[in-house]
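Next up, model.cif (mmCIF, C-alpha atoms):
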```cif
data_start
#
loop_
_atom_site.group_PDB
_atom_site.id
_atom_site.type_symbol
_atom_site.label_atom_id
_atom_site.label_comp_id
_atom_site.auth_asym_id
_atom_site.auth_seq_id
_atom_site.Cartn_x
_atom_site.Cartn_y
_atom_site.Cartn_z
ATOM 1 C CA MET A 30 -9.280 5.136 -9.781
ATOM 2 C CA PRO A 31 -11.322 8.254 -9.071
ATOM 3 C CA GLY A 32 -9.676 11.496 -8.011
ATOM 4 C CA LEU A 33 -11.552 11.322 -4.703
ATOM 5 C CA ALA A 34 -12.966 8.481 -2.639
ATOM 6 C CA PRO A 35 -16.753 8.117 -3.043
ATOM 7 C CA PRO A 36 -19.307 9.083 -0.384
ATOM 8 C CA VAL A 37 -19.717 6.582 2.452
ATOM 9 C CA THR A 38 -22.734 5.296 4.350
ATOM 10 C CA ASP A 39 -21.374 3.924 7.634
ATOM 11 C CA GLU A 40 -18.141 3.029 9.396
ATOM 12 C CA ARG A 41 -17.482 -0.234 7.608
ATOM 13 C CA ASP A 42 -18.295 1.302 4.242
ATOM 14 C CA ALA A 43 -15.897 4.184 5.033
ATOM 15 C CA LEU A 44 -13.112 1.748 5.833
ATOM 16 C CA ARG A 45 -13.862 -0.256 2.680
ATOM 17 C CA GLN A 46 -13.952 2.788 0.399
ATOM 18 C CA PHE A 47 -10.752 4.345 1.748
ATOM 19 C CA VAL A 48 -8.806 1.080 1.753
ATOM 20 C CA ALA A 49 -9.872 0.443 -1.861
ATOM 21 C CA TYR A 50 -9.163 4.050 -2.854
ATOM 22 C CA HIS A 51 -5.591 3.959 -1.562
ATOM 23 C CA GLN A 52 -5.024 0.501 -3.025
ATOM 24 C CA SER A 53 -6.008 1.843 -6.445
ATOM 25 C CA ALA A 54 -3.341 4.577 -6.301
ATOM 26 C CA TYR A 55 -0.590 2.010 -6.901
ATOM 27 C CA PHE A 56 -2.062 0.979 -10.247
ATOM 28 C CA ALA A 57 -2.170 4.618 -11.317
ATOM 29 C CA VAL A 58 1.373 5.443 -10.202
ATOM 30 C CA ALA A 59 2.699 2.380 -12.056
ATOM 31 C CA TYR A 60 0.718 3.101 -15.237
ATOM 32 C CA GLY A 61 2.835 2.862 -18.388
ATOM 33 C CA LEU A 62 6.112 1.994 -16.649
ATOM 34 C CA SER A 63 8.542 -0.594 -17.949
ATOM 35 C CA ASP A 64 10.090 -3.115 -15.565
ATOM 36 C CA GLU A 65 13.322 -1.114 -15.571
ATOM 37 C CA GLN A 66 11.493 2.109 -14.741
ATOM 38 C CA ALA A 67 9.667 0.283 -11.946
ATOM 39 C CA ARG A 68 13.093 -0.690 -10.517
ATOM 40 C CA ALA A 69 14.502 2.847 -10.839
ATOM 41 C CA THR A 70 15.543 4.775 -7.737
ATOM 42 C CA PRO A 71 15.811 8.362 -9.039
ATOM 43 C CA THR A 72 15.465 10.073 -5.641
ATOM 44 C CA ALA A 73 17.563 9.972 -2.478
ATOM 45 C CA SER A 74 15.405 7.040 -1.369
ATOM 46 C CA ALA A 75 16.645 3.510 -2.008
ATOM 47 C CA LEU A 76 13.070 2.501 -2.868
ATOM 48 C CA SER A 77 11.502 2.110 -6.290
ATOM 49 C CA ILE A 78 7.867 2.029 -7.371
ATOM 50 C CA GLY A 79 8.092 -1.737 -7.835
ATOM 51 C CA ALA A 80 9.519 -2.109 -4.334
ATOM 52 C CA LEU A 81 6.762 0.035 -2.839
ATOM 53 C CA ILE A 82 4.135 -2.140 -4.540
ATOM 54 C CA LYS A 83 5.803 -5.232 -3.078
ATOM 55 C CA HIS A 84 5.986 -3.616 0.362
ATOM 56 C CA ALA A 85 2.322 -2.575 0.242
ATOM 57 C CA THR A 86 1.496 -6.199 -0.605
ATOM 58 C CA GLY A 87 3.579 -7.629 2.223
ATOM 59 C CA MET A 88 2.362 -5.037 4.716
ATOM 60 C CA GLN A 89 -1.271 -5.909 4.027
ATOM 61 C CA HIS A 90 -0.515 -9.639 4.172
ATOM 62 C CA SER A 91 1.108 -9.319 7.587
ATOM 63 C CA TRP A 92 -1.683 -7.261 9.110
ATOM 64 C CA MET A 93 -4.449 -9.350 7.566
ATOM 65 C CA ALA A 94 -2.932 -12.482 9.123
ATOM 66 C CA ARG A 95 -3.482 -10.748 12.474
ATOM 67 C CA VAL A 96 -7.042 -9.754 11.561
ATOM 68 C CA ALA A 97 -7.876 -13.302 10.442
ATOM 69 C CA ALA A 98 -6.541 -14.742 13.715
ATOM 70 C CA ALA A 99 -8.146 -12.171 16.056
ATOM 71 C CA PRO A 100 -8.674 -12.297 18.963
ATOM 72 C CA ALA A 101 -5.830 -14.845 19.018
ATOM 73 C CA ALA A 102 -2.353 -14.189 17.677
ATOM 74 C CA PRO A 103 -1.387 -15.699 14.301
ATOM 75 C CA ALA A 104 0.364 -19.053 14.341
ATOM 76 C CA ALA A 105 4.041 -18.730 15.214
ATOM 77 C CA ASP A 106 6.411 -18.508 12.257
ATOM 78 C CA GLY A 107 8.696 -21.508 12.554
ATOM 79 C CA ARG A 108 11.301 -20.214 10.128
ATOM 80 C CA SER A 109 14.686 -18.968 11.272
ATOM 81 C CA LEU A 110 15.218 -15.288 11.992
ATOM 82 C CA GLU A 111 17.527 -15.167 8.969
ATOM 83 C CA GLU A 112 14.805 -16.532 6.661
ATOM 84 C CA ARG A 113 12.220 -14.091 7.981
ATOM 85 C CA ALA A 114 14.624 -11.155 7.698
ATOM 86 C CA HIS A 115 15.454 -12.116 4.100
ATOM 87 C CA GLU A 116 11.745 -12.225 3.183
ATOM 88 C CA TYR A 117 11.168 -8.834 4.810
ATOM 89 C CA GLN A 118 14.140 -7.217 3.046
ATOM 90 C CA ASP A 119 13.009 -8.710 -0.270
ATOM 91 C CA GLN A 120 9.864 -6.538 -0.051
ATOM 92 C CA TYR A 121 12.022 -3.477 -0.634
ATOM 93 C CA VAL A 122 13.374 -4.321 -4.079
ATOM 94 C CA LEU A 123 11.895 -5.420 -7.418
ATOM 95 C CA ARG A 124 14.438 -8.080 -8.366
ATOM 96 C CA GLN A 125 15.697 -8.652 -11.906
ATOM 97 C CA ASP A 126 13.747 -11.924 -12.021
ATOM 98 C CA GLU A 127 10.503 -10.122 -11.135
ATOM 99 C CA THR A 128 8.257 -7.998 -13.328
ATOM 100 C CA LEU A 129 6.008 -5.049 -12.644
ATOM 101 C CA PRO A 130 2.919 -6.925 -13.970
ATOM 102 C CA GLY A 131 3.748 -9.799 -11.622
ATOM 103 C CA ALA A 132 4.097 -7.455 -8.656
ATOM 104 C CA LEU A 133 0.784 -5.779 -9.518
ATOM 105 C CA GLU A 134 -0.939 -9.147 -9.867
ATOM 106 C CA ALA A 135 0.232 -10.200 -6.386
ATOM 107 C CA PHE A 136 -0.826 -6.805 -5.046
ATOM 108 C CA ALA A 137 -4.309 -7.138 -6.594
ATOM 109 C CA ALA A 138 -4.751 -10.588 -5.055
ATOM 110 C CA GLN A 139 -3.783 -9.288 -1.619
ATOM 111 C CA ASN A 140 -6.044 -6.270 -2.043
ATOM 112 C CA ALA A 141 -8.989 -8.601 -2.653
ATOM 113 C CA GLU A 142 -8.166 -10.596 0.484
ATOM 114 C CA THR A 143 -7.877 -7.413 2.545
ATOM 115 C CA LEU A 144 -11.284 -6.219 1.350
ATOM 116 C CA ARG A 145 -12.805 -9.673 1.942
ATOM 117 C CA LEU A 146 -11.650 -9.635 5.558
ATOM 118 C CA LEU A 147 -12.892 -6.078 5.950
ATOM 119 C CA GLU A 148 -16.392 -7.234 4.990
ATOM 120 C CA THR A 149 -16.535 -9.979 7.614
ATOM 121 C CA ALA A 150 -14.201 -9.112 10.494
ATOM 122 C CA ASP A 151 -15.448 -8.033 13.909
ATOM 123 C CA LEU A 152 -14.140 -4.464 14.097
ATOM 124 C CA ASP A 153 -14.080 -4.621 17.897
ATOM 125 C CA ALA A 154 -12.070 -7.862 18.095
ATOM 126 C CA ALA A 155 -8.750 -7.615 19.905
ATOM 127 C CA VAL A 156 -5.541 -7.907 17.897
ATOM 128 C CA PRO A 157 -2.661 -8.815 20.243
ATOM 129 C CA VAL A 158 0.370 -6.545 19.971
ATOM 130 C CA PRO A 159 3.429 -8.512 18.783
ATOM 131 C CA ARG A 160 6.414 -8.648 21.108
ATOM 132 C CA ASP A 161 9.039 -9.600 18.538
ATOM 133 C CA ALA A 162 10.094 -6.160 17.297
ATOM 134 C CA PRO A 163 11.157 -2.982 19.132
ATOM 135 C CA TRP A 164 8.805 -0.674 17.210
ATOM 136 C CA PHE A 165 5.674 -2.276 18.679
ATOM 137 C CA PRO A 166 4.442 -0.550 21.860
ATOM 138 C CA ALA A 167 5.298 -2.291 25.121
ATOM 139 C CA ASP A 168 2.564 -0.553 27.104
ATOM 140 C CA ILE A 169 -0.393 -1.833 25.014
ATOM 141 C CA ASP A 170 -1.667 -5.411 25.076
ATOM 142 C CA ALA A 171 -3.943 -5.260 22.031
ATOM 143 C CA TRP A 172 -5.311 -3.072 19.288
ATOM 144 C CA THR A 173 -8.692 -3.624 17.672
ATOM 145 C CA VAL A 174 -9.398 -4.805 14.139
ATOM 146 C CA ARG A 175 -10.785 -1.312 13.572
ATOM 147 C CA TRP A 176 -7.397 0.180 14.505
ATOM 148 C CA VAL A 177 -5.619 -2.255 12.159
ATOM 149 C CA PHE A 178 -7.682 -1.153 9.159
ATOM 150 C CA HIS A 179 -7.025 2.508 9.964
ATOM 151 C CA HIS A 180 -3.328 1.682 10.183
ATOM 152 C CA VAL A 181 -3.437 -0.093 6.804
ATOM 153 C CA ILE A 182 -5.064 3.018 5.282
ATOM 154 C CA ASN A 183 -2.256 5.118 6.771
ATOM 155 C CA GLU A 184 0.449 2.814 5.397
ATOM 156 C CA LEU A 185 -1.106 2.654 1.929
ATOM 157 C CA ALA A 186 -1.496 6.436 1.769
ATOM 158 C CA ARG A 187 2.017 7.149 3.021
ATOM 159 C CA HIS A 188 3.712 4.847 0.546
ATOM 160 C CA ALA A 189 1.486 5.925 -2.354
ATOM 161 C CA GLY A 190 2.668 9.490 -1.741
ATOM 162 C CA HIS A 191 6.244 8.257 -1.703
ATOM 163 C CA ALA A 192 5.602 6.494 -5.019
ATOM 164 C CA ASP A 193 4.141 9.733 -6.469
ATOM 165 C CA ILE A 194 7.445 11.524 -5.827
ATOM 166 C CA ILE A 195 9.468 8.706 -7.386
ATOM 167 C CA ARG A 196 7.202 8.625 -10.457
ATOM 168 C CA GLU A 197 7.492 12.359 -11.004
ATOM 169 C CA ASN A 198 11.282 12.002 -10.888
ATOM 170 C CA ILE A 199 11.168 9.219 -13.497
ATOM 171 C CA ASP A 200 9.181 10.962 -16.221
ATOM 172 C CA GLY A 201 7.412 13.994 -14.775
ATOM 173 C CA ALA A 202 4.013 12.261 -14.663
ATOM 174 C CA THR A 203 1.681 13.295 -11.839
ATOM 175 C CA MET A 204 -1.275 11.496 -10.332
ATOM 176 C CA TYR A 205 -4.147 13.136 -12.208
ATOM 177 C CA GLU A 206 -2.401 12.562 -15.540
ATOM 178 C CA LEU A 207 -1.879 8.919 -14.569
ATOM 179 C CA ILE A 208 -5.487 8.513 -13.435
ATOM 180 C CA ALA A 209 -6.524 9.846 -16.850
ATOM 181 C CA GLY A 210 -4.412 7.154 -18.489
ATOM 182 C CA VAL A 211 -5.759 4.354 -16.302
ATOM 183 C CA GLU A 212 -9.349 5.494 -16.735
ATOM 184 C CA GLY A 213 -8.979 6.166 -20.463
ATOM 185 C CA TRP A 214 -10.051 9.782 -20.464
ATOM 186 C CA GLU A 215 -8.257 12.643 -22.125
ATOM 187 C CA PRO A 216 -6.248 14.872 -19.767
ATOM 188 C CA THR A 217 -7.060 18.564 -20.116
ATOM 189 C CA ALA A 218 -4.904 21.644 -19.682
ATOM 190 C CA TRP A 219 -5.733 21.964 -15.992
ATOM 191 C CA LEU A 220 -4.197 18.544 -15.394
ATOM 192 C CA THR A 221 -0.807 19.746 -16.651
ATOM 193 C CA PRO A 222 1.319 20.162 -13.525
ATOM 194 C CA TRP A 223 2.576 23.623 -12.617
ATOM 195 C CA ARG A 224 6.355 23.726 -12.444
ATOM 196 C CA PRO A 225 8.634 26.381 -10.922
ATOM 197 C CA GLY A 226 9.398 29.059 -13.496
ATOM 198 C CA ALA A 227 6.230 28.335 -15.479
ATOM 199 C CA THR A 228 4.020 31.257 -16.427
ATOM 200 C CA ALA A 229 0.376 31.366 -15.473
#
```
Written form, structure tokens:
Amino acid sequence: MPGLAPPVTDERDALRQFVAYHQSAYFAVAYGLSDEQARATPTASALSIGALIKHATGMQHSWMARVAAAPAAPAADGRSLEERAHEYQDQYVLRQDETLPGALEAFAAQNAETLRLLETADLDAAVPVPRDAPWFPADIDAWTVRWVFHHVINELARHAGHADIIRENIDGATMYELIAGVEGWEPTAWLTPWRPGATA
């Protein structure tokens, strides 16, 4: 992934570039980790890097189902509330029977589907606001597909930052060092993170 998103040409290209840019951060933050490190929770948060990758996958899947159905609502989920709650909670942990490569593979597949929909979706299409959870606004009937993609960018960026903090607590690695590893270029002295007590 580059250190900065590339220049953009129009609105759809801007959405595409920033979605892809924030998606790529998860591959960098996971670079070089073992499965056990990906399950580690070294901060006050109960979340791990593996769990954040799974959540970013599930989050995109949920919102893209709404984009694909717009302007209608997605088909009703016929499963029990208990089954749906279990699936949602499972996003927040990398289980012992799961691997980091497997989580990244599922994430990459969802990323491709998100970008495919971004290429073809009507950005002005209405996306009905769900009524099945208290955190959805009661005073709005619909968002637009445009709003959904901005929200996905926000979610990806927020959780990538969360993952950055967890990664630094695991082994001290920071994003530019990890980008260097992913991209195969040699980190230089200015990529070495400043730490409290260090001399200039």
Practice item. Identify which of the residues A:Ala189, A:Ile182, A:Ala171, A:Leu44 lies closest to Ile82 (chain A), counting all atoms listed in the file when measuring atom-to-atom distances. Key: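 Residue with the minimum atom-to-atom distance to Ile82 (chain A): A:Ala189.
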Dump as JSON lines the rows for residues of region 125-197 of chain A within 10 Å of region 103-121 of chain A: closest atom pair and distance in Å with one decimal, all atoms listed in the file counted, ordered by chain and rising residue number.
```
{"residue": "A:Val156", "atom": "CA", "partner": "A:Pro103", "partner_atom": "CA", "distance": 9.5}
{"residue": "A:Pro157", "atom": "CA", "partner": "A:Pro103", "partner_atom": "CA", "distance": 9.2}
{"residue": "A:Pro159", "atom": "CA", "partner": "A:Pro103", "partner_atom": "CA", "distance": 9.7}
```
With the cut-off set at 7 Å and counting all atoms listed in the file, tabulate each residue of region 130-197 of chain A with an atom at most that distance from an atom of region 53-72 of chain A, showing the nearest atom pair and its distance in Å to one decimal, ordered by chain and increasing number, as JSON lines.
```
{"residue": "A:Ala189", "atom": "CA", "partner": "A:Tyr55", "partner_atom": "CA", "distance": 6.3}
{"residue": "A:Ala192", "atom": "CA", "partner": "A:Val58", "partner_atom": "CA", "distance": 6.8}
{"residue": "A:Asp193", "atom": "CA", "partner": "A:Val58", "partner_atom": "CA", "distance": 6.3}
{"residue": "A:Ile195", "atom": "CA", "partner": "A:Thr72", "partner_atom": "CA", "distance": 6.4}
{"residue": "A:Arg196", "atom": "CA", "partner": "A:Val58", "partner_atom": "CA", "distance": 6.6}
```
Point to revise | Nearest-residue call for Val158 (chain A), choices A:Val96, A:Leu133, A:Ala138, A:Ala202, using all atoms listed in the file | key: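 Of A:Val96, A:Leu133, A:Ala138, A:Ala202, the one nearest Val158 (chain A) is A:Val96, counting all atoms listed in the file.
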**Study point:** Atomic separation - CA of Glu148 (chain A) relative to CA of Asp42 (chain A), Å
**Key:**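 The value is 8.8 Å.
Interatomic distance, CA of Thr38 (chain A) against CA of Thr149 (chain A): 16.8 Å.
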Check your understanding: Taking into account only C-alpha atoms, which residue in the set A:Ala141, A:Leu76, A:Ala135, A:Ala43 is nearest to His191 (chain A)?
Key ->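 Checking each of A:Ala141, A:Leu76, A:Ala135, A:Ala43 against His191 (chain A), counting only C-alpha atoms, the winner is A:Leu76.
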**Study point:** Counting all atoms listed in the file, the option among A:Thr203, A:Asn140, A:Leu147, A:Gly190 closest to Met88 (chain A)
**Key:** A:Asn140
How big is the axis-aligned box around the listed atoms of region 137-143 of chain A once 8 Å is added on each side, and where is its centre? Give both in Å to one decimal, as lines of an AutoDock Vina configuration file.
```
center_x = -6.4
center_y = -8.4
center_z = -2.0
size_x = 21.2
size_y = 20.3
size_z = 25.1
```
**Study point:** Counting all atoms listed in the file, the residue of A:Arg145, A:Arg45, A:Trp172, A:His51 that sits nearest Gly32 (chain A)
**Key:** A:His51
Study note, to complete from the structure: CA of Leu123 (chain A) to CA of His84 (chain A) measures 9.9 Å
Review point. Closest to His179 (chain A) among A:Leu152, A:Ala73, A:Ala94, A:Val211, using only C-alpha atoms?
Key: A:Leu152
**Study point:** 12 Å contact set for Leu146 (chain A), only C-alpha atoms, chain neighbours under 6 positions out, as a list in words
**Key:** Arg41, Leu44, Arg45, Val48, Gln89, His90, Trp92, Met93, Ala94, Arg95, Val96, Ala97, Ala98, Ala99, Gln139, Asn140, Leu152, Val174, Arg175, Val177 and Phe178 of chain A
